[in-house]
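So the structure is just underneath, and the comments pick up after that.
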Amino acid sequence: MPRPQDFPSPLRGPRTAARVGGWLGAAFLVCFATGLYSHLLQHPVAWLPLPTRPARLYQVTQGLHVASGTAAVPLLLVKLWSVFPRLFVRPPRAPRRLLGHLLERVSVAVLVGSCVVQLATGLANSAQWYPWGFDFVRTHFALGAVAAGSVLVHVAVKLPLVRAALEQRVEDRPERAGAPSRRSLLRMTWLSAGVAVLATTAAGVPGLRRVAVLAVRSGAGPQGVPVNRSAVAAAVTDLAADPGWRLLVRGPAGSTRLSREDLLAMRQRTAVLPIACVEGWSASGTWGGVAVRDVVALVGGTPQDDVTVRSLQRRGAYRESTLPAAWVARDDSLLALTLGGEPLHPDHGYPCRLIAPARSGVLQTKWLGEVEVVRA
Ligand SMILES: Nc1nc2c(c(=O)[nH]1)N[C@H]1C(S)=C(S)[C@@H](COP(=O)(O)O)O[C@H]1N2
Ligand SMILES: [Mo]
């Protein structure tokens with residue numbers, strides 16, 4: 001077993017750890033807040049109404065979520081490197097000090113474990129790679145809570161040490177000839193975090209798409225919008241192309257079945273709205289169709305009701321979503337029939353899909369078969 005003094009680099013230690021830790025804490029805070037918001041959008045709670053505008057809100061917050069999570073990776077690596085020798089500190093002999101030591105070690109183990117797994121699975125998810133058997137969304141949420149709690153405990157415990165470390169200067173000159181200085185180590189760390197942010201978010205910045213090497217699905221797809229699950233993958237091709245397709249609309253005053261022609265004969269509206277996937281990619285389109293509120297009005301639905309939409313798709317987690325009343329009240333919450341002025345491509349949800357502002361992509365249900373008014 002090595003001992004702490006076997007790691008002689010003067011760049012490790014509290015001065016580096018405290019500074020990188022501050023940035024890491026900031027990245028975690030952004031990531032946690034945007035992640036919580038994304039979770040609440042998908043699992044709304046009645047006492048906490050969420051904003052329905054600006055339309056691009058989720059596009060921005062989820063972009064920040066993926067960018068801050070990616071930036072946290074190099075920050076966490078440098079932070080772990082800077083404290084690595086502490087792993088080999090011998091426990092004290094005195095029983096009371098030993099207890100304190102063990103508690104601190106356990107809290108650090110939970111902290112490091114949850115942060116590493118959280119960032120690794122999040123990164124894999126943003127790269128659309130799901131090599132595990134567990135439910136990603138649930139695990140990511142639960143682990144986020146564990147990570148947030150253990151970060152708070154850690155900051156509280158280390159505060160005196162952090163204060164002292166931040167009072168010490170960061171020198172520009174290396175302590176040993178030929179070695180980098182602490183200042184240049186920190187600069188390299190900020191730079192790596194900056195590159196990580198750019199590589200994930202630049203796809204959204206015109207002209208910078210080519211540097212967005214870590215961004216997935218940044219523009220390709222029929223009608224200029226990427227596709228996550230195609231009609232073939234969802235096994236809906238036949239049902240969606242059936243000329244006998246009707247949208248079943250159910251509400252307190254009864255039910256009705258509408259063909260695409262019926263829907264096209266109603267008042268048409270257009271809205272420029274993004275598809276903003278949880279994975280971080282997003283793309284805007286001009287959607288045309290009928291307002292959800294106009295359709296549910298046919299069966300006695302009002303803008304005070306929630307509306308659940310269901311897909312023709314038989315299996316899969318995103319076959320259904322519920323549009324809260326605040327969204328139903330908006331004219332740009334659409335049952336879309338067209339994208340960019342053309343009938344929806346089969347992969348974008350033909351014959352009819354939901355598209356609404358300030359919502360996560362997973363909630364923009366494609367290939368609708370049914371719309372139901374749900375009264376609270
Ligand atoms: N029925 C159904 N709708 C769905 C999905 C799905 O798997 N099934 N995927 C959702 C996800 S995760 C996203 S990001 C958007 C993508 O829409 P697009 O393929 O038109 O870009 O559709 C959503 N709607
Ligand atoms: Mo998505």
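We label chains A, B, ... in the order they appear in the structure tokens, count residues from 1 in each chain, and number ligands from 1 in the order shown.
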
task = Tell me, as a list of chain:residue names, which residues lie within 8 Å of stretch 75-91 of chain A, counting only C-alpha atoms; anything in the same chain fewer than 3 positions away does not count.
result =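 The filter keeps A:Met1, A:Pro2, A:Arg3, A:Pro4, A:Gln5, A:Asp6, A:Phe7, A:Leu11, A:Arg12, A:Gly13, A:Pro14, A:Thr16, A:Ala17, A:Val20, A:Gly21, A:Trp23, A:Leu24, A:Ala71, A:Ala72, A:Leu98, A:His101, A:Leu102, A:Thr189, A:Trp190, A:Ala193.
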
Write out as a tab-separated table the residues of chain A that have any atom within 6 Å of an atom of ligand 2, one row each with the nearest atom pair and its distance in Å to one decimal, counting only C-alpha atoms and all ligand atoms, sorted by chain and then rising number.
residue	atom	partner	partner_atom_place_in_ligand_line	distance
A:Cys277	CA	ligand 2	1 (Mo)	3.8
A:Val278	CA	ligand 2	1 (Mo)	5.2
A:Gly361	CA	ligand 2	1 (Mo)	4.7
A:Val362	CA	ligand 2	1 (Mo)	4.6

Create the file for the chosen residues now, containing N, CA, C and O atoms and written as a short mmCIF file (atom, residue, chain, number, x, y, z; two decimals), in the first residue's frame.
data_model
loop_
_atom_site.label_atom_id
_atom_site.label_comp_id
_atom_site.auth_asym_id
_atom_site.auth_seq_id
_atom_site.Cartn_x
_atom_site.Cartn_y
_atom_site.Cartn_z
N CYS A 277 -34.75 17.40 -26.89
CA CYS A 277 -34.65 16.07 -26.28
C CYS A 277 -33.89 16.13 -24.96
O CYS A 277 -32.99 16.95 -24.79
N VAL A 278 -34.24 15.24 -24.04
CA VAL A 278 -33.49 15.15 -22.77
C VAL A 278 -32.01 14.90 -23.00
O VAL A 278 -31.17 15.23 -22.18
N GLY A 361 -38.73 16.89 -25.05
CA GLY A 361 -39.01 16.10 -26.25
C GLY A 361 -39.79 14.82 -25.97
O GLY A 361 -40.66 14.44 -26.75
N VAL A 362 -39.51 14.17 -24.85
CA VAL A 362 -40.19 12.90 -24.55
C VAL A 362 -41.69 13.08 -24.38
O VAL A 362 -42.45 12.12 -24.44
#

task = For A:Ala271, please output as a list in words all residues within 6 Å (counting only C-alpha atoms; exclusion window: fewer than 3 positions along the same chain).
result = Thr286, Trp287 and Asp332 of chain A

Please identify all polymer residues within 8 Å of stretch 160-172 of chain A, counting only C-alpha atoms, omitting same-chain residues fewer than 4 positions from it, and present them as a PDB file with C-alpha atoms, in the first residue's frame.
ATOM      1  CA  PRO A  14      -6.136  21.605  -0.731  1.00  0.00           C
ATOM      2  CA  ARG A  15      -5.154  24.673  -2.774  1.00  0.00           C
ATOM      3  CA  ALA A  18     -10.605  23.929  -3.130  1.00  0.00           C
ATOM      4  CA  ARG A  19     -10.452  25.940  -6.357  1.00  0.00           C
ATOM      5  CA  SER A 181       2.895  25.570 -11.927  1.00  0.00           C
ATOM      6  CA  ARG A 182      -0.338  25.348  -9.965  1.00  0.00           C
ATOM      7  CA  ARG A 183      -1.630  28.292 -12.000  1.00  0.00           C
ATOM      8  CA  SER A 184      -1.081  26.473 -15.292  1.00  0.00           C
TER       9      SER A 184
END

Residue with smallest distance to A:Arg246 - pool A:Ala46, A:Val292, A:Leu263, A:Val211, counting only C-alpha atoms =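 Nearest to A:Arg246: A:Leu263.
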
query = Within 7 Å of ligand 1, counting only C-alpha atoms and all ligand atoms, which protein or nucleic acid residues do you find, written as a PyMOL selection string?
reply = chain A and resi 225-230+234+275-278+311+313+316-320+347-349+361-367

ask   = Using only C-alpha atoms, which residue out of A:Arg173, A:Arg310, A:Pro222, A:Thr302 lies closest to A:Pro10?
value = A:Arg173

Residue contacts of A:Thr322 (8 Å, only C-alpha atoms) excluding same-chain residues fewer than 3 positions away, as an MDAnalysis selection string = chainID A and resid 306:309 363

For the selection you just gave me, I'd like the residues written to a file as a short mmCIF file (atom, residue, chain, number, x, y, z; two decimals), in the first residue's frame, keeping N, CA and C atoms.
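Listed below is the output, result37.cif:
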data_model
loop_
_atom_site.label_atom_id
_atom_site.label_comp_id
_atom_site.auth_asym_id
_atom_site.auth_seq_id
_atom_site.Cartn_x
_atom_site.Cartn_y
_atom_site.Cartn_z
N ASP A 306 -56.82 19.17 -17.89
CA ASP A 306 -55.62 18.52 -18.44
C ASP A 306 -56.06 17.67 -19.63
N VAL A 307 -55.10 17.38 -20.51
CA VAL A 307 -55.43 16.55 -21.66
C VAL A 307 -54.36 15.47 -21.82
N THR A 308 -54.80 14.23 -21.87
CA THR A 308 -53.86 13.12 -22.09
C THR A 308 -53.92 12.70 -23.55
N VAL A 309 -52.74 12.53 -24.17
CA VAL A 309 -52.70 12.03 -25.55
C VAL A 309 -52.05 10.65 -25.55
N LEU A 363 -42.11 14.33 -24.15
CA LEU A 363 -43.54 14.59 -23.94
C LEU A 363 -44.27 14.95 -25.23
#

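Of the listed residues (A:Thr237, A:Leu186, A:Glu279, A:Val295), A:Glu279 comes nearest to A:Tyr130; the distances count only C-alpha atoms.
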
Option closest in space to A:Ala109, from A:Ala179, A:Ala145, A:Ala94, A:Val151 [counting only C-alpha atoms] = A:Val151

message = Would you pick out the contacts of A:Gly122 at 8 Å or less, using only C-alpha atoms, so that residues sharing its chain but fewer than 3 positions from it are not included, and give the list as a PyMOL selection string?
response = chain A and resi 69+118-119+125-126+140

Please dump the current selection as a CSV table (one decimal), in the first residue's frame; keep N, CA and C atoms.
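again-v5.csv was written with the following content:
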chain,number,residue,atom,x,y,z
A,69,GLY,N,-23.1,19.1,-17.0
A,69,GLY,CA,-22.7,17.8,-16.6
A,69,GLY,C,-21.4,17.4,-17.3
A,118,GLN,N,-23.2,9.1,-11.6
A,118,GLN,CA,-24.1,10.0,-12.2
A,118,GLN,C,-23.6,10.6,-13.5
A,119,LEU,N,-22.3,11.1,-13.4
A,119,LEU,CA,-21.8,11.7,-14.6
A,119,LEU,C,-21.6,10.7,-15.7
A,125,ASN,N,-26.0,8.6,-21.6
A,125,ASN,CA,-27.3,8.9,-22.1
A,125,ASN,C,-27.3,10.0,-23.1
A,126,SER,N,-26.5,11.0,-22.9
A,126,SER,CA,-26.4,12.1,-23.9
A,126,SER,C,-25.8,11.6,-25.2
A,140,HIS,N,-31.2,8.0,-12.4
A,140,HIS,CA,-30.5,9.3,-12.5
A,140,HIS,C,-31.1,10.2,-11.5

task = May I ask for the distance between atom CA of A:Gln59 and atom CA of A:Tyr37, given in Å to one decimal place?
result =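 Result for atom CA of A:Gln59 versus atom CA of A:Tyr37: 12.0 Å, one decimal.
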
DSSP-assigned helix (DSSP H, G or I) members of stretch 65-265 of chain A, reported as an NGL selection string = :A and (65-88 or 95-126 or 136-167 or 182-204 or 209-211 or 222-224 or 237-241 or 260-265)

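With distances restricted to only C-alpha atoms, A:Leu185 is the closest residue to A:Ser9 from A:Val66, A:Leu185, A:Val236, A:Leu354.
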
inquiry  = Just checking: using only C-alpha atoms, which residue out of A:Val116, A:Val296, A:Ala26, A:Ile355 ends up closest to A:Leu143?
reply    =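 Comparing A:Val116, A:Val296, A:Ala26, A:Ile355 against A:Leu143, the winner is A:Val116.
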
Test item, strand (DSSP E) assignment across stretch 69-292 of chain A, answer as a VMD selection string = chain A and resid 247 to 251 254 to 258 269 to 276 282 to 291

I need the chosen residues saved as a short mmCIF file (atom, residue, chain, number, x, y, z; two decimals), in the first residue's frame, with N, CA and C atoms.
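Result file is selection.cif:
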data_model
loop_
_atom_site.label_atom_id
_atom_site.label_comp_id
_atom_site.auth_asym_id
_atom_site.auth_seq_id
_atom_site.Cartn_x
_atom_site.Cartn_y
_atom_site.Cartn_z
N LEU A 247 -58.79 10.01 -35.26
CA LEU A 247 -58.35 10.42 -33.92
C LEU A 247 -59.55 10.35 -32.99
N LEU A 248 -59.45 9.49 -31.97
CA LEU A 248 -60.54 9.38 -31.00
C LEU A 248 -60.39 10.50 -29.98
N VAL A 249 -61.43 11.33 -29.84
CA VAL A 249 -61.38 12.45 -28.90
C VAL A 249 -62.46 12.22 -27.85
N ARG A 250 -62.05 12.12 -26.58
CA ARG A 250 -63.02 11.82 -25.53
C ARG A 250 -63.04 12.92 -24.49
N GLY A 251 -64.23 13.29 -24.05
CA GLY A 251 -64.36 14.35 -23.05
C GLY A 251 -65.63 14.21 -22.26
N GLY A 254 -68.86 13.62 -24.22
CA GLY A 254 -68.97 12.50 -25.14
C GLY A 254 -67.70 12.29 -25.92
N SER A 255 -67.78 11.60 -27.05
CA SER A 255 -66.57 11.34 -27.82
C SER A 255 -66.86 11.49 -29.30
N THR A 256 -65.77 11.67 -30.06
CA THR A 256 -65.92 11.81 -31.50
C THR A 256 -64.67 11.25 -32.17
N ARG A 257 -64.80 10.92 -33.45
CA ARG A 257 -63.65 10.42 -34.19
C ARG A 257 -63.39 11.36 -35.36
N LEU A 258 -62.14 11.84 -35.47
CA LEU A 258 -61.83 12.83 -36.50
C LEU A 258 -60.80 12.26 -37.47
N ARG A 269 -53.49 26.59 -37.22
CA ARG A 269 -52.55 27.54 -36.61
C ARG A 269 -51.14 27.04 -36.87
N THR A 270 -50.18 27.98 -36.85
CA THR A 270 -48.79 27.55 -36.97
C THR A 270 -48.00 28.09 -35.77
N ALA A 271 -46.95 27.38 -35.43
CA ALA A 271 -46.10 27.81 -34.32
C ALA A 271 -44.67 27.34 -34.59
N VAL A 272 -43.71 28.21 -34.32
CA VAL A 272 -42.30 27.82 -34.40
C VAL A 272 -41.90 27.31 -33.03
N LEU A 273 -41.68 26.00 -32.94
CA LEU A 273 -41.39 25.39 -31.64
C LEU A 273 -40.25 24.39 -31.77
N PRO A 274 -39.41 24.29 -30.74
CA PRO A 274 -38.32 23.31 -30.80
C PRO A 274 -38.75 21.94 -30.30
N ILE A 275 -38.10 20.91 -30.85
CA ILE A 275 -38.07 19.59 -30.22
C ILE A 275 -36.78 19.62 -29.40
N ALA A 276 -36.88 19.51 -28.10
CA ALA A 276 -35.70 19.56 -27.25
C ALA A 276 -35.61 18.28 -26.44
N SER A 282 -31.41 19.58 -29.91
CA SER A 282 -32.69 20.25 -30.14
C SER A 282 -32.73 20.79 -31.55
N ALA A 283 -33.94 20.97 -32.09
CA ALA A 283 -34.10 21.54 -33.42
C ALA A 283 -35.46 22.19 -33.49
N SER A 284 -35.50 23.34 -34.15
CA SER A 284 -36.76 24.07 -34.26
C SER A 284 -37.45 23.78 -35.58
N GLY A 285 -38.75 23.85 -35.60
CA GLY A 285 -39.50 23.68 -36.83
C GLY A 285 -40.74 24.55 -36.81
N THR A 286 -41.31 24.76 -38.00
CA THR A 286 -42.58 25.47 -38.07
C THR A 286 -43.68 24.42 -38.20
N TRP A 287 -44.44 24.29 -37.14
CA TRP A 287 -45.47 23.25 -37.07
C TRP A 287 -46.82 23.85 -37.40
N GLY A 288 -47.64 23.10 -38.12
CA GLY A 288 -49.00 23.56 -38.42
C GLY A 288 -50.00 22.52 -37.97
N GLY A 289 -51.16 22.97 -37.54
CA GLY A 289 -52.20 22.02 -37.12
C GLY A 289 -53.27 22.73 -36.33
N VAL A 290 -54.00 21.94 -35.53
CA VAL A 290 -55.08 22.52 -34.73
C VAL A 290 -54.65 22.67 -33.29
N ALA A 291 -55.18 23.72 -32.62
CA ALA A 291 -54.88 23.89 -31.21
C ALA A 291 -55.56 22.77 -30.42
#
